[in-house]
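Novice: Before anything else, here's the structure in question.
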Amino acid sequence: MYVPHHFTQTDTATLVSFMRNYAFATLVSDMDGKPCASHLPFVVEWMEDGTIQLLAHFAKANPQWQTLEGQTALVIFNEPHAYISPTLYDKELSVPTWNYIAVHAYGHIRLLTEEQAVRDLLEKQIQTFEKEYFTQWSNLPETYKSAMQKGIVAFRMDVTELIGKEKLSQNKTVQERERIGKHLLENMDSTARETGAQMLKTLLIYTDNR
């Protein structure tokens, strides 16, 4: 991912928080010489030793899992994003652009084959995405849960590199950034509003640290 220096985000806590907030991501790997992608929800674990692990599972019918081990894979977390009109800039000689936040996580994947490891992953996903469902899950027949597990392939990715990009008009003046952020907050689209909120949050941090 191309990241100009003024759009770079390197703070690990910020990157992990972003990945957890936008956990539905895209896993990209090579399959027979072609890029292959799957869209999956990930549990993001930041371990005490500083390492980061991504946990998810495929449908067993998805062939991508069969070629994953032994290669470096990429998981793309992205959202929110918004179109930025040149009418919001101070200078008339301006062009449209798009603001967005993205994190690219590179790493090595290990398939989880032991039944208990698969169960642990599923229960981590439940605890992450809907804790309230855990009681219902606990009461399901064991035969049903075991049958469901046989239809998936669980995996863990050990992250080796994180690249973060926050393209939020940092190359513009404070006045322009504030104007754009407030404009996006009035947008009918919720994704654009989220982008505006992130812009104003980043702007606040920037002005506090100048």
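A note on labels: chains of the structure tokens are A, B, ... as shown, every chain counts residues from 1, and ligands are counted from 1 in their shown order.
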Taking only C-alpha atoms into account, produce a table as CSV in which each residue of range 71-171 of chain A with an atom at most 8 Å from an atom of range 29-47 of chain A appears once, together with its shortest atom pair and the distance in Å to one decimal, ordered by chain and rising number.
Specialist:
residue,atom,partner,partner_atom,distance
A:Gln71,CA,A:Ser29,CA,7.8
A:Thr72,CA,A:Ser29,CA,7.4
A:Ala73,CA,A:Ser29,CA,5.0
A:Leu74,CA,A:Ser29,CA,6.5
A:Lys124,CA,A:Val43,CA,7.3
A:Gln125,CA,A:Val43,CA,6.3
A:Thr128,CA,A:Val43,CA,6.9
Novice: Range 70-106 of chain A: which residues are strand (DSSP E or B) by DSSP, as a short mmCIF file (atom, residue, chain, number, x, y, z; two decimals) with C-alpha atoms, in the first residue's frame?
Specialist:
data_model
loop_
_atom_site.label_atom_id
_atom_site.label_comp_id
_atom_site.auth_asym_id
_atom_site.auth_seq_id
_atom_site.Cartn_x
_atom_site.Cartn_y
_atom_site.Cartn_z
CA THR A 72 2.64 -14.75 3.30
CA ALA A 73 -0.99 -13.63 3.26
CA LEU A 74 -2.50 -10.16 3.42
CA VAL A 75 -5.57 -9.10 5.39
CA ILE A 76 -7.03 -5.72 4.46
CA PHE A 77 -9.08 -3.81 7.01
CA ASN A 78 -10.72 -0.73 5.51
CA GLU A 79 -13.58 1.63 6.27
CA PRO A 80 -14.69 4.36 6.69
CA HIS A 81 -14.26 6.39 3.49
CA ALA A 82 -15.80 9.38 1.74
CA TYR A 83 -15.64 11.45 -1.43
CA ILE A 84 -14.11 14.89 -0.86
CA THR A 97 -10.19 13.04 -3.87
CA TRP A 98 -11.27 10.28 -1.51
CA ASN A 99 -10.49 10.11 2.19
CA TYR A 100 -10.21 6.75 3.92
CA ILE A 101 -8.54 4.66 6.59
CA ALA A 102 -6.98 1.27 5.92
CA VAL A 103 -4.73 -1.21 7.70
CA HIS A 104 -2.83 -3.95 5.88
CA ALA A 105 -1.77 -6.92 8.01
CA TYR A 106 0.78 -9.36 6.58
#
Novice: Quick check for you: according to DSSP on this backbone, which residues of range 10-172 of chain A are classed as helix (DSSP H, G or I)? Reply as a PyMOL selection string.
Specialist: chain A and resi 12-21+63-67+86-88+115-129+131-138+142-149
Novice: Between CA of Ile52 in chain A and CA of Met1 in chain A, what is the distance, to one decimal in Å?
Specialist: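 Separation between CA of Ile52 in chain A and CA of Met1 in chain A: 19.7 Å.
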Novice: Find the residues around Thr12 in chain A up to 10 Å (only C-alpha atoms counted), leave out those fewer than 5 positions away in its own chain, and share them as a list in words.
Specialist: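 My reading of the contact set: Ser17, Phe18, Trp46, Gly50, Ile52, Leu162, Ile163 and Gly164 of chain A.
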Novice: Those same residues - C-alpha atoms - I'd like them written as a compact mmCIF listing (two decimals), in the first residue's frame.
Specialist:
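Saved to result_24.txt:
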# COMPACT_ATOMS: atom_id res chain seq x y z
CA SER A 17 -8.31 -0.66 17.77
CA PHE A 18 -9.14 0.09 14.14
CA TRP A 46 -2.86 -8.45 20.88
CA GLY A 50 3.44 -7.73 21.70
CA ILE A 52 -0.74 -9.86 17.06
CA LEU A 162 1.24 -3.84 9.97
CA ILE A 163 0.89 -0.89 7.61
CA GLY A 164 -1.57 1.82 8.56
Novice: Give me, please, the distance in Å between CA of Asp90 in chain A and CA of Arg177 in chain A, quoted to one decimal.
Specialist: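 Interatomic distance, CA of Asp90 in chain A to CA of Arg177 in chain A: 10.5 Å.
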Novice: Closest to Leu122 in chain A among A:Leu140, A:Leu68, A:Ile152, A:Leu168, using only C-alpha atoms?
Specialist: A:Ile152
Novice: Using only C-alpha atoms, which residues sit within 12 Å of Thr173 in chain A once same-chain residues fewer than 5 positions away are excluded, as a list in words?
Specialist: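 Near neighbours after the sequence-gap exclusion: Leu88, Tyr89, Asp90, Lys91, Leu168, Glu178, Arg179, Ile180, Leu203, Tyr206 and Thr207 of chain A.
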Novice: Work out how far CA of Phe58 in chain A is from CA of His108 in chain A, in Å to one decimal.
Specialist: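 That distance, rounded to one decimal, is 15.9 Å.
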